[in-house]
file model-v2.cif (mmCIF, C-alpha atoms and all ligand atoms)
data_query
#
loop_
_atom_site.label_atom_id
_atom_site.label_comp_id
_atom_site.auth_asym_id
_atom_site.auth_seq_id
_atom_site.Cartn_x
_atom_site.Cartn_y
_atom_site.Cartn_z
CA MET A 1 57.39 208.20 207.13
CA ALA A 2 60.16 210.31 205.69
CA HIS A 3 62.50 208.96 203.03
CA PHE A 4 65.73 210.85 203.41
CA ASP A 5 68.45 211.08 200.80
CA LEU A 6 70.95 211.54 203.60
CA LEU A 7 70.58 211.05 207.34
CA VAL A 8 73.30 212.19 209.72
CA ARG A 9 72.96 210.64 213.14
CA GLY A 10 73.86 211.86 216.56
CA GLY A 11 76.10 214.86 215.94
CA GLU A 12 76.41 217.84 218.23
CA VAL A 13 74.76 220.29 215.88
CA VAL A 14 75.87 223.91 215.93
CA PHE A 15 72.78 226.08 215.56
CA ARG A 16 72.65 229.88 215.55
CA ASP A 17 72.56 230.19 219.32
CA LYS A 18 73.17 226.77 220.81
CA VAL A 19 74.83 223.40 220.34
CA THR A 20 72.65 220.31 220.86
CA ILE A 21 72.67 216.67 219.82
CA ALA A 22 70.36 216.07 216.87
CA ASP A 23 69.88 214.02 213.72
CA ILE A 24 69.81 215.78 210.36
CA GLY A 25 67.60 214.53 207.53
CA VAL A 26 68.20 215.79 203.98
CA ILE A 27 65.77 215.57 201.07
CA ASP A 28 66.44 217.07 197.61
CA GLY A 29 69.50 218.94 198.81
CA LYS A 30 67.71 220.74 201.66
CA PHE A 31 67.53 220.26 205.40
CA ALA A 32 64.16 218.48 205.66
CA GLU A 33 64.04 217.51 209.34
CA ILE A 34 66.31 218.22 212.27
CA GLY A 35 65.73 216.73 215.70
CA PRO A 36 66.52 213.99 218.15
CA GLU A 37 66.31 210.43 216.79
CA LEU A 38 64.52 211.03 213.51
CA THR A 39 62.51 208.14 212.13
CA GLY A 40 62.44 207.23 208.46
CA THR A 41 64.45 205.49 205.82
CA ALA A 42 67.62 206.85 204.30
CA ARG A 43 69.49 206.14 201.11
CA ARG A 44 72.66 207.02 202.92
CA GLU A 45 73.38 207.29 206.61
CA VAL A 46 76.34 208.90 208.35
CA ASP A 47 77.20 208.26 212.00
CA ALA A 48 78.32 211.61 213.39
CA GLY A 49 78.32 210.49 217.00
CA ARG A 50 80.71 212.60 219.09
CA HIS A 51 81.27 214.91 216.12
CA LEU A 52 80.53 218.60 215.94
CA VAL A 53 78.30 219.46 212.98
CA PHE A 54 78.81 223.00 211.72
CA PRO A 55 77.01 224.87 208.97
CA GLY A 56 79.18 224.67 205.86
CA VAL A 57 81.94 227.24 205.90
CA ILE A 58 81.43 230.11 203.44
CA ASP A 59 84.86 231.46 202.54
CA PRO A 60 84.29 235.01 201.30
CA HIS A 61 87.77 235.40 199.88
CA VAL A 62 89.66 232.88 197.74
CA HIS A 63 91.82 233.11 194.62
CA PHE A 64 91.46 229.96 192.51
CA ASN A 65 93.17 231.50 189.44
CA GLU A 66 91.35 229.64 186.65
CA PRO A 67 90.94 230.08 183.76
CA GLY A 68 94.45 230.98 182.73
CA ARG A 69 96.59 230.31 185.79
CA GLY A 70 95.75 226.77 186.80
CA ASP A 71 99.42 226.28 187.60
CA TRP A 72 98.95 228.63 190.59
CA GLU A 73 95.82 226.87 191.86
CA GLY A 74 92.70 225.58 190.19
CA TRP A 75 89.02 225.10 190.85
CA ALA A 76 89.47 221.35 191.32
CA SER A 77 92.40 221.59 193.75
CA GLY A 78 91.30 224.78 195.48
CA SER A 79 87.77 223.56 196.08
CA ALA A 80 89.16 220.20 197.21
CA GLY A 81 91.15 222.04 199.85
CA LEU A 82 88.20 224.14 200.91
CA ALA A 83 85.84 221.14 201.13
CA SER A 84 88.45 219.10 203.03
CA GLY A 85 88.47 221.84 205.63
CA GLY A 86 84.68 222.05 205.95
CA GLY A 87 83.93 224.63 203.26
CA THR A 88 80.79 224.42 201.13
CA THR A 89 80.78 227.80 199.36
CA CYS A 90 83.47 230.23 198.28
CA LEU A 91 83.39 233.75 196.92
CA GLU A 92 86.19 233.95 194.39
CA MET A 93 88.26 237.01 193.54
CA PRO A 94 88.48 238.51 190.03
CA LEU A 95 92.15 239.34 189.55
CA ASN A 96 94.31 236.24 189.19
CA ALA A 97 92.50 234.45 186.39
CA HIS A 98 93.44 235.20 182.82
CA PRO A 99 91.51 237.03 181.65
CA PRO A 100 90.59 238.78 184.92
CA THR A 101 86.86 238.95 185.63
CA LEU A 102 86.16 242.41 184.24
CA ASP A 103 83.31 241.85 181.79
CA ARG A 104 80.62 239.41 180.70
CA ALA A 105 82.85 237.16 178.60
CA SER A 106 85.45 236.69 181.34
CA PHE A 107 82.70 236.03 183.87
CA MET A 108 81.19 233.33 181.64
CA ALA A 109 84.60 231.76 181.05
CA LYS A 110 85.14 231.46 184.79
CA VAL A 111 81.67 230.05 185.42
CA ALA A 112 82.36 227.38 182.80
CA VAL A 113 85.59 226.14 184.36
CA ALA A 114 84.28 226.39 187.92
CA SER A 115 81.04 224.57 187.12
CA ALA A 116 83.01 221.73 185.56
CA SER A 117 85.35 221.12 188.46
CA SER A 118 84.32 222.78 191.73
CA ARG A 119 83.37 220.65 194.69
CA VAL A 120 81.81 223.63 196.44
CA ASP A 121 79.27 226.25 195.44
CA PHE A 122 80.79 229.49 194.30
CA GLY A 123 79.97 233.16 193.97
CA LEU A 124 82.17 235.34 191.78
CA TRP A 125 83.46 238.82 192.51
CA GLY A 126 83.69 241.11 189.50
CA GLY A 127 86.57 243.55 189.23
CA LEU A 128 86.35 247.32 189.61
CA THR A 129 89.26 248.96 187.80
CA PRO A 130 89.80 252.10 185.67
CA ASP A 131 89.34 249.86 182.63
CA ASN A 132 85.91 248.37 183.23
CA LEU A 133 83.54 251.00 184.65
CA ASP A 134 81.37 250.49 181.56
CA HIS A 135 81.04 246.78 182.31
CA LEU A 136 79.76 246.85 185.88
CA GLU A 137 76.14 246.67 184.81
CA ALA A 138 76.77 243.64 182.59
CA LEU A 139 78.63 241.95 185.44
CA ALA A 140 75.67 242.63 187.72
CA GLU A 141 73.35 241.03 185.16
CA CYS A 142 75.64 237.99 185.10
CA GLY A 143 75.29 237.65 188.85
CA VAL A 144 78.51 238.88 190.47
CA ILE A 145 78.41 238.90 194.25
CA GLY A 146 79.88 242.42 194.25
CA PHE A 147 82.83 244.40 192.91
CA LYS A 148 86.40 244.14 194.16
CA ALA A 149 88.77 247.09 193.90
CA PHE A 150 92.39 247.58 194.89
CA MET A 151 93.35 250.94 196.36
CA SER A 152 97.02 249.95 195.94
CA SER A 153 98.73 247.85 193.28
CA SER A 154 97.14 244.42 192.86
CA GLY A 155 100.36 242.81 191.65
CA MET A 156 98.64 241.97 188.34
CA ASP A 157 99.33 244.22 185.33
CA ASP A 158 95.91 243.58 183.83
CA PHE A 159 94.05 244.44 187.04
CA ARG A 160 94.89 248.07 187.70
CA HIS A 161 94.32 249.71 191.04
CA ALA A 162 91.32 251.99 191.42
CA ASP A 163 92.27 255.65 191.82
CA ASP A 164 89.83 257.73 193.89
CA ALA A 165 87.81 258.85 190.87
CA THR A 166 87.40 255.27 189.66
CA LEU A 167 86.49 254.08 193.12
CA TYR A 168 83.90 256.83 193.59
CA GLN A 169 82.31 256.28 190.18
CA GLY A 170 82.30 252.52 190.72
CA MET A 171 80.68 252.92 194.10
CA ARG A 172 77.94 255.12 192.66
CA THR A 173 77.23 252.51 190.01
CA ALA A 174 77.35 249.67 192.56
CA ALA A 175 74.87 251.56 194.75
CA ARG A 176 72.49 251.83 191.80
CA LEU A 177 72.93 248.12 191.06
CA GLY A 178 72.39 247.15 194.70
CA LEU A 179 75.76 245.40 195.01
CA PRO A 180 78.58 245.88 197.52
CA VAL A 181 82.08 247.09 196.74
CA ALA A 182 84.92 245.27 198.46
CA VAL A 183 88.24 247.04 198.76
CA HIS A 184 91.81 246.10 199.44
CA ALA A 185 92.57 249.17 201.53
CA GLU A 186 96.15 250.39 201.47
CA ASN A 187 97.28 253.88 200.41
CA ASP A 188 99.02 253.45 197.05
CA GLY A 189 101.05 256.64 197.27
CA ILE A 190 102.55 255.79 200.65
CA THR A 191 103.23 252.10 199.97
CA ALA A 192 104.68 252.73 196.49
CA ASP A 193 106.90 255.54 197.80
CA LEU A 194 108.23 253.59 200.76
CA ALA A 195 108.84 250.50 198.63
CA GLY A 196 110.65 252.62 196.02
CA ARG A 197 112.90 254.23 198.63
CA ALA A 198 113.79 250.88 200.21
CA ARG A 199 114.57 249.21 196.90
CA ALA A 200 116.63 252.19 195.74
CA ASN A 201 118.74 251.75 198.89
CA GLY A 202 119.12 248.02 198.35
CA GLN A 203 116.99 247.29 201.42
CA LEU A 204 115.29 244.09 200.26
CA THR A 205 114.71 242.00 203.40
CA ALA A 206 111.43 240.80 204.86
CA ARG A 207 111.64 243.53 207.51
CA ASP A 208 112.20 246.18 204.84
CA TYR A 209 109.06 244.97 203.08
CA LEU A 210 107.03 245.05 206.30
CA ASP A 211 108.22 248.60 207.00
CA SER A 212 107.08 249.72 203.53
CA ARG A 213 103.44 248.92 204.33
CA PRO A 214 102.75 250.58 207.69
CA VAL A 215 99.46 250.39 209.55
CA VAL A 216 98.77 254.05 208.78
CA ALA A 217 98.64 253.29 205.05
CA GLU A 218 95.84 250.84 205.74
CA ILE A 219 93.96 253.05 208.19
CA GLU A 220 94.04 256.03 205.84
CA ALA A 221 92.68 253.95 202.96
CA ILE A 222 89.94 252.44 205.11
CA ARG A 223 88.82 255.92 206.19
CA ARG A 224 88.87 257.17 202.57
CA ALA A 225 86.88 254.19 201.29
CA ILE A 226 84.30 254.71 204.02
CA THR A 227 84.02 258.43 203.20
CA LEU A 228 83.48 257.73 199.49
CA ALA A 229 81.07 254.83 200.04
CA ALA A 230 78.98 256.76 202.54
CA ASP A 231 78.52 259.57 200.03
CA ALA A 232 77.86 257.18 197.14
CA GLY A 233 75.31 255.25 199.20
CA CYS A 234 77.18 252.05 198.43
CA ALA A 235 77.53 248.99 200.65
CA LEU A 236 81.23 248.70 201.49
CA HIS A 237 83.19 245.66 202.57
CA LEU A 238 86.79 245.83 203.78
CA VAL A 239 88.65 242.64 202.94
CA HIS A 240 91.49 241.27 205.10
CA VAL A 241 91.72 243.99 207.73
CA SER A 242 95.02 243.26 209.43
CA GLY A 243 94.64 244.77 212.88
CA GLY A 244 92.42 245.98 215.67
CA SER A 245 92.70 249.68 214.84
CA GLY A 246 91.42 249.13 211.28
CA VAL A 247 88.47 247.17 212.61
CA GLY A 248 87.86 250.00 215.08
CA VAL A 249 87.53 252.52 212.25
CA VAL A 250 84.96 250.25 210.57
CA ALA A 251 83.01 249.75 213.79
CA GLU A 252 82.92 253.51 214.38
CA ALA A 253 81.56 254.17 210.89
CA ARG A 254 78.95 251.46 211.28
CA ALA A 255 77.82 252.99 214.55
CA GLU A 256 77.30 256.22 212.62
CA GLY A 257 75.05 254.43 210.15
CA VAL A 258 77.41 253.65 207.27
CA ASP A 259 76.70 250.32 205.53
CA VAL A 260 80.17 248.86 206.05
CA THR A 261 81.49 245.44 207.08
CA CYS A 262 84.92 243.92 207.44
CA GLU A 263 86.63 240.56 207.44
CA THR A 264 89.96 239.40 208.76
CA CYS A 265 91.98 236.24 208.07
CA PRO A 266 93.39 233.57 210.36
CA HIS A 267 96.98 234.46 209.43
CA TYR A 268 96.59 237.92 210.97
CA LEU A 269 95.27 236.26 214.13
CA PHE A 270 98.05 233.66 214.41
CA PHE A 271 101.24 235.22 213.06
CA THR A 272 103.29 238.41 213.40
CA GLY A 273 105.94 240.33 211.49
CA ASP A 274 108.59 238.45 213.45
CA ASP A 275 107.17 235.26 211.95
CA VAL A 276 107.57 236.73 208.47
CA GLU A 277 111.28 237.23 209.16
CA ARG A 278 111.58 233.71 210.57
CA ILE A 279 109.43 231.82 208.01
CA GLY A 280 110.21 233.87 204.92
CA PRO A 281 108.27 234.13 201.64
CA LEU A 282 105.44 231.73 202.61
CA ALA A 283 104.39 234.39 205.13
CA LYS A 284 104.39 237.31 202.69
CA CYS A 285 101.04 238.98 202.12
CA ALA A 286 99.54 242.47 201.85
CA PRO A 287 98.63 244.14 204.08
CA PRO A 288 101.49 242.39 205.86
CA LEU A 289 101.44 240.49 209.12
CA ARG A 290 101.71 243.00 211.97
CA ASP A 291 103.40 243.14 215.34
CA GLU A 292 102.21 241.37 218.48
CA ALA A 293 100.24 244.31 219.91
CA VAL A 294 98.29 244.71 216.65
CA ARG A 295 97.59 240.98 216.54
CA GLU A 296 96.27 241.01 220.11
CA ALA A 297 94.08 244.02 219.38
CA LEU A 298 92.65 242.15 216.40
CA TRP A 299 91.66 239.25 218.63
CA SER A 300 89.99 241.69 221.00
CA ALA A 301 88.03 243.13 218.07
CA VAL A 302 86.92 239.63 217.04
CA ILE A 303 85.81 238.79 220.56
CA LYS A 304 83.99 242.10 220.86
CA GLY A 305 82.00 241.23 217.73
CA ASP A 306 83.34 244.04 215.56
CA VAL A 307 84.74 241.69 212.88
CA ASP A 308 81.86 240.54 210.67
CA PHE A 309 83.44 237.40 209.34
CA ILE A 310 86.68 235.53 208.78
CA GLY A 311 87.93 234.49 205.34
CA SER A 312 91.07 232.72 204.26
CA ASP A 313 92.27 235.03 201.46
CA HIS A 314 93.61 231.79 200.00
CA SER A 315 96.09 233.25 197.51
CA PRO A 316 98.54 230.65 196.24
CA ALA A 317 101.32 230.84 193.69
CA PRO A 318 103.82 228.35 192.25
CA PRO A 319 106.82 227.73 194.54
CA SER A 320 109.08 229.43 191.99
CA MET A 321 107.27 232.70 192.73
CA LYS A 322 107.75 232.27 196.47
CA THR A 323 111.55 232.30 196.48
CA GLY A 324 114.29 234.88 195.96
CA ASP A 325 116.53 237.35 197.74
CA ASP A 326 114.40 240.42 196.97
CA PHE A 327 111.43 240.17 199.33
CA PHE A 328 109.62 242.91 197.40
CA SER A 329 109.50 240.91 194.17
CA ILE A 330 108.26 237.67 195.76
CA TRP A 331 104.56 236.94 195.24
CA GLY A 332 102.46 238.08 198.19
CA GLY A 333 99.77 235.61 199.15
CA ILE A 334 99.12 232.97 201.78
CA SER A 335 97.34 229.67 201.19
CA GLY A 336 94.78 228.78 203.83
CA CYS A 337 91.23 227.84 202.74
CA GLN A 338 91.60 224.25 203.97
CA HIS A 339 92.90 225.52 207.32
CA LEU A 340 90.24 228.19 207.87
CA LEU A 341 87.82 226.31 210.14
CA ALA A 342 90.45 224.41 212.12
CA ALA A 343 92.49 227.56 212.65
CA THR A 344 89.47 229.55 213.75
CA ILE A 345 88.35 226.87 216.21
CA THR A 346 91.89 226.49 217.51
CA GLY A 347 92.31 230.22 217.94
CA PHE A 348 88.91 230.55 219.54
CA GLY A 349 89.66 227.67 221.88
CA LEU A 350 92.54 229.67 223.24
CA HIS A 351 90.22 232.62 223.65
CA THR A 352 87.34 230.50 225.07
CA LEU A 353 84.53 231.34 222.68
CA ASP A 354 81.72 229.02 221.73
CA ALA A 355 81.12 226.92 218.64
CA PHE A 356 78.10 228.91 217.54
CA GLU A 357 80.24 232.05 217.47
CA VAL A 358 82.61 230.26 215.12
CA ALA A 359 79.60 229.40 212.94
CA ARG A 360 78.48 233.01 212.99
CA LEU A 361 81.88 234.24 211.77
CA LEU A 362 82.43 231.52 209.17
CA SER A 363 78.91 231.03 207.81
CA ALA A 364 75.91 233.00 209.06
CA ASN A 365 77.29 236.54 208.86
CA THR A 366 78.85 235.95 205.45
CA ALA A 367 75.60 234.55 204.04
CA ALA A 368 73.67 237.50 205.45
CA ARG A 369 76.04 240.14 204.08
CA PHE A 370 76.00 238.74 200.54
CA ARG A 371 72.34 237.68 200.70
CA LEU A 372 73.11 234.03 199.98
CA ASN A 373 69.56 232.92 200.61
CA GLY A 374 69.22 229.42 202.00
CA LYS A 375 72.82 229.28 203.14
CA GLY A 376 74.72 229.98 206.35
CA ALA A 377 72.80 228.03 208.97
CA ILE A 378 71.58 224.54 209.78
CA ALA A 379 67.83 225.09 209.61
CA VAL A 380 64.91 223.32 207.94
CA GLY A 381 64.43 224.57 204.38
CA ASN A 382 68.01 225.76 203.92
CA ASP A 383 70.51 224.20 201.53
CA ALA A 384 71.98 221.13 203.26
CA ASP A 385 75.48 222.61 203.44
CA PHE A 386 77.27 221.31 206.51
CA THR A 387 80.46 219.78 207.81
CA TRP A 388 81.30 217.47 210.67
CA GLY A 389 84.52 216.88 212.54
CA GLU A 390 86.08 216.31 215.92
CA MET A 391 88.13 218.07 218.53
CA GLN A 392 91.56 216.52 218.93
CA ALA A 393 94.76 216.86 220.91
CA PRO A 394 96.84 219.57 219.19
CA ALA A 395 98.21 218.12 215.94
CA SER A 396 99.48 219.51 212.67
CA LEU A 397 97.73 218.82 209.38
CA PRO A 398 100.23 216.61 207.51
CA VAL A 399 101.25 218.13 204.22
CA GLU A 400 100.14 214.98 202.34
CA GLY A 401 96.61 215.74 203.55
CA VAL A 402 96.63 219.26 202.12
CA ARG A 403 94.73 219.42 198.83
CA TYR A 404 96.07 222.69 197.39
CA ARG A 405 98.00 222.46 194.13
CA HIS A 406 101.02 223.66 196.12
CA PRO A 407 100.49 222.26 199.62
CA ALA A 408 103.22 224.11 201.52
CA SER A 409 101.93 226.95 203.67
CA ILE A 410 102.60 228.80 206.91
CA TRP A 411 100.04 226.48 208.50
CA ASP A 412 102.39 223.51 208.32
CA GLU A 413 103.87 224.42 211.68
CA VAL A 414 100.58 225.04 213.51
CA GLU A 415 98.95 222.40 215.72
CA PHE A 416 95.19 222.37 215.36
CA ARG A 417 92.59 221.39 217.96
CA TYR A 418 90.04 220.28 215.37
CA ARG A 419 89.91 218.18 212.23
CA THR A 420 87.25 217.91 209.57
CA MET A 421 85.84 214.44 208.89
CA GLY A 422 83.07 215.14 206.40
CA THR A 423 81.45 217.83 204.30
CA ALA A 424 78.16 217.93 202.38
CA VAL A 425 77.22 220.47 199.71
CA ARG A 426 73.44 220.59 199.23
CA GLY A 427 73.32 217.08 200.66
CA ARG A 428 76.02 215.73 198.33
CA VAL A 429 78.85 214.27 200.41
CA VAL A 430 82.09 215.70 199.02
CA VAL A 431 84.29 214.59 201.94
CA GLU A 432 83.80 211.51 204.12
CA HIS A 433 86.15 210.00 206.74
CA GLY A 434 88.47 212.88 205.93
CA ARG A 435 88.77 211.83 202.27
CA LEU A 436 87.45 213.42 199.11
CA THR A 437 84.67 211.60 197.27
CA ASN A 438 84.10 211.86 193.53
CA GLU A 439 81.26 214.37 193.88
CA ARG A 440 81.68 217.77 192.22
CA PRO A 441 78.34 219.46 192.81
CA GLY A 442 79.58 223.07 192.82
CA ARG A 443 77.42 225.65 191.08
CA LEU A 444 77.09 229.39 190.85
CA VAL A 445 75.40 231.29 193.65
CA THR A 446 74.30 234.90 193.37
CA GLN A 447 72.81 237.48 195.67
CA GLY A 448 69.24 236.68 196.59
CA SER A 449 69.19 233.22 195.08
CA THR A 450 71.17 230.03 195.48
CA HIS A 451 71.45 229.53 191.74
CA HIS A 452 71.27 231.75 188.74
CA ALA A 453 70.79 231.15 185.06
CA VAL A 454 73.52 233.00 183.17
ZN ZN A 501 92.88 238.33 198.30
#
call {"tool": "encode", "arguments": {"input": "model-v2.cif", "output": "structure tokens"}}
result
Amino acid sequence: MAHFDLLVRGGEVVFRDKVTIADIGVIDGKFAEIGPELTGTARREVDAGRHLVFPGVIDPHVHFNEPGRGDWEGWASGSAGLASGGGTTCLEMPLNAHPPTLDRASFMAKVAVASASSRVDFGLWGGLTPDNLDHLEALAECGVIGFKAFMSSSGMDDFRHADDATLYQGMRTAARLGLPVAVHAENDGITADLAGRARANGQLTARDYLDSRPVVAEIEAIRRAITLAADAGCALHLVHVSGGSGVGVVAEARAEGVDVTCETCPHYLFFTGDDVERIGPLAKCAPPLRDEAVREALWSAVIKGDVDFIGSDHSPAPPSMKTGDDFFSIWGGISGCQHLLAATITGFGLHTLDAFEVARLLSANTAARFRLNGKGAIAVGNDADFTWGEMQAPASLPVEGVRYRHPASIWDEVEFRYRTMGTAVRGRVVVEHGRLTNERPGRLVTQGSTHHAV
């Protein structure tokens, strides 16, 4: 008879291709048995009756800002938000910590702070800038998940954007190291010029900002990144693609055999440029929120299967950086990792897709792309990363339930159809009855293995 560490009873379990009622038995942090009415003893039992049980959400794109900028967000608060929304793993971006993650020492410093306080497992992106081409190999040895480059200004002085030569060299090195390059794709020349002209004319409103970052600047950069990556033989990932036409360019290249994937974010699926004018700085991000037709085309691309996965791009800043009369100088970034699963389910509900497709976009595809072995699906032998919750009548997530360091976000006004009740990371329950526990099991994950000695 099995002796489970954790036994979850009676949930509607979301598998790769179906949703069925099953019990889940966990031993030593792994799914040990899954099936109807398991027999055995359990140190801990959870009644998930009438709950949906999803594979743990893998958020491929968060900014947790530590070390150095814990006043923006932190590993404790950021991972608390992610776990409270059903997340079990995040891939964290290299630019907002101080120092930015550009070499071995900065990587180790981030691993130290994350290991001490994260509730979820974490992979780390290394930076790719004109200043650290000589450090990519060392970052690969450390276990970065890939390299992140900005084709336009990152907003951080110590994380310079990658000009074409830097990007091409970095891609060639990444190809040799077997790691992907992720790019923020916007044409720097066009966006910098349009922003400069607007500011020179005293045009500083939200609409002026939106107009300075047109869709064509994104499309052009996506095409250029694909051209360079295809030649370099490098796996390419486009982060936060903001509209259907950008996804279309990626899908076309993939059909031609280029190793390229893309993600989008819930805010591009829910909000438009008109919302930026109405809501203000909380809705500022780059690329910016687009118009209604672009938003609809993005949904079509998701439903068609051309978007590989959805990430939050959780990018918080202190409230003092999210105010002011000059929309250009306000920090661009939207908080959302706690809202990722609920927003996706809610959006999908309106577009009548199934739970296992949500799981594919929030877990399975992400794990496959970054070779997070043992993660991304509820299956015997995998890490016991999962989350349970329930469908509900549309309701907002009260701000006192938001775990970010700065809880206010554009999501405050959205009514969600789903709420998370519990989350387990390798069988350790980090959220139960919608509340955080004291568990902080988070550890480093790398490509090809679920843990890595650094
Ligand atoms: Zn980002």
call {"tool": "closest_residue", "arguments": {"input": "model-v2.cif", "among": "A:Pro441, A:Pro180, A:Gly401, A:Gly311", "to": "A:Ser79", "atoms": "all atoms listed in the file"}}
result
A:Pro441
call {"tool": "atom_distance", "arguments": {"input": "model-v2.cif", "atom1": "atom CA of A:Gly273", "atom2": "atom CA of A:Ile190"}}
result
19.2 Å
call {"tool": "closest_residue", "arguments": {"input": "model-v2.cif", "among": "A:Phe356, A:Trp411, A:Phe147, A:Phe348", "to": "A:Phe271", "atoms": "all atoms listed in the file"}}
result
A:Trp411
call {"tool": "residues_near_ligand", "arguments": {"input": "model-v2.cif", "ligand": "ligand ZN 501 (chain A)", "cutoff": "12 Å", "atoms": "all atoms listed in the file", "output": "PyMOL selection string"}}
result
chain A and resi 59-65+91-96+125+148-150+154-155+182-185+238-241+263-265+285-287+311-316+332-337
call {"tool": "closest_atom_pairs", "arguments": {"input": "model-v2.cif", "of": "stretch 240-342 of chain A", "to": "stretch 80-90 of chain A", "cutoff": "8 Å", "atoms": "all atoms listed in the file", "output": "Markdown table"}}
result
| residue | atom | partner | partner_atom | distance |
| --- | --- | --- | --- | --- |
| A:Cys337 | CA | A:Leu82 | CA | 5.1 |
| A:Gln338 | CA | A:Gly85 | CA | 4.3 |
| A:His339 | CA | A:Gly85 | CA | 6.0 |
| A:Leu340 | CA | A:Gly85 | CA | 7.0 |
| A:Leu341 | CA | A:Gly85 | CA | 6.4 |
| A:Ala342 | CA | A:Gly85 | CA | 7.3 |
call {"tool": "write_last_selection", "arguments": {"input": "model-v2.cif", "atoms": "C-alpha atoms", "output": "compact mmCIF listing (two decimals), in the coordinates of the input"}}
result
# COMPACT_ATOMS: atom_id res chain seq x y z
CA CYS A 337 91.23 227.84 202.74
CA GLN A 338 91.60 224.25 203.97
CA HIS A 339 92.90 225.52 207.32
CA LEU A 340 90.24 228.19 207.87
CA LEU A 341 87.82 226.31 210.14
CA ALA A 342 90.45 224.41 212.12
call {"tool": "residues_around", "arguments": {"input": "model-v2.cif", "residues": "stretch 404-407 of chain A", "least_positions_apart": "4", "cutoff": "7 Å", "atoms": "only C-alpha atoms", "output": "NGL selection string"}}
result
:A and (73 or 77-78 or 81 or 318 or 399)
call {"tool": "write_last_selection", "arguments": {"input": "model-v2.cif", "atoms": "C-alpha atoms", "output": "short mmCIF file (atom, residue, chain, number, x, y, z; two decimals), in the coordinates of the input"}}
result
data_model
loop_
_atom_site.label_atom_id
_atom_site.label_comp_id
_atom_site.auth_asym_id
_atom_site.auth_seq_id
_atom_site.Cartn_x
_atom_site.Cartn_y
_atom_site.Cartn_z
CA GLU A 73 95.82 226.87 191.86
CA SER A 77 92.40 221.59 193.75
CA GLY A 78 91.30 224.78 195.48
CA GLY A 81 91.15 222.04 199.85
CA PRO A 318 103.82 228.35 192.25
CA VAL A 399 101.25 218.13 204.22
#
call {"tool": "residues_around", "arguments": {"input": "model-v2.cif", "residues": "A:Trp299", "least_positions_apart": "4", "cutoff": "7 Å", "atoms": "only C-alpha atoms", "output": "ChimeraX atom specification"}}
result
/A:269,295,303
call {"tool": "atom_distance", "arguments": {"input": "model-v2.cif", "atom1": "atom CA of A:Cys234", "atom2": "atom CA of A:Val250"}}
result
14.5 Å
call {"tool": "build_atoms", "arguments": {"input": "model-v2.cif", "residues": "stretch 163-171 of chain A", "atoms": "N, CA, C and O atoms", "output": "short mmCIF file (atom, residue, chain, number, x, y, z; two decimals), keeping the file's coordinate frame"}}
result
data_model
loop_
_atom_site.label_atom_id
_atom_site.label_comp_id
_atom_site.auth_asym_id
_atom_site.auth_seq_id
_atom_site.Cartn_x
_atom_site.Cartn_y
_atom_site.Cartn_z
N ASP A 163 92.02 254.32 191.27
CA ASP A 163 92.27 255.65 191.82
C ASP A 163 90.96 256.14 192.45
O ASP A 163 89.90 255.55 192.27
N ASP A 164 91.02 257.26 193.16
CA ASP A 164 89.83 257.73 193.89
C ASP A 164 88.64 257.99 192.97
O ASP A 164 87.50 257.68 193.32
N ALA A 165 88.92 258.54 191.79
CA ALA A 165 87.81 258.85 190.87
C ALA A 165 87.14 257.56 190.41
O ALA A 165 85.90 257.47 190.36
N THR A 166 87.95 256.56 190.08
CA THR A 166 87.40 255.27 189.66
C THR A 166 86.58 254.64 190.78
O THR A 166 85.48 254.14 190.58
N LEU A 167 87.16 254.68 191.98
CA LEU A 167 86.49 254.08 193.12
C LEU A 167 85.14 254.75 193.37
O LEU A 167 84.11 254.08 193.57
N TYR A 168 85.14 256.08 193.32
CA TYR A 168 83.90 256.83 193.59
C TYR A 168 82.85 256.54 192.52
O TYR A 168 81.68 256.27 192.82
N GLN A 169 83.26 256.58 191.25
CA GLN A 169 82.31 256.28 190.18
C GLN A 169 81.79 254.85 190.31
O GLN A 169 80.61 254.58 190.13
N GLY A 170 82.69 253.92 190.57
CA GLY A 170 82.30 252.52 190.72
C GLY A 170 81.34 252.32 191.87
O GLY A 170 80.37 251.55 191.76
N MET A 171 81.57 253.04 192.95
CA MET A 171 80.68 252.92 194.10
C MET A 171 79.29 253.47 193.78
O MET A 171 78.28 252.91 194.21
#
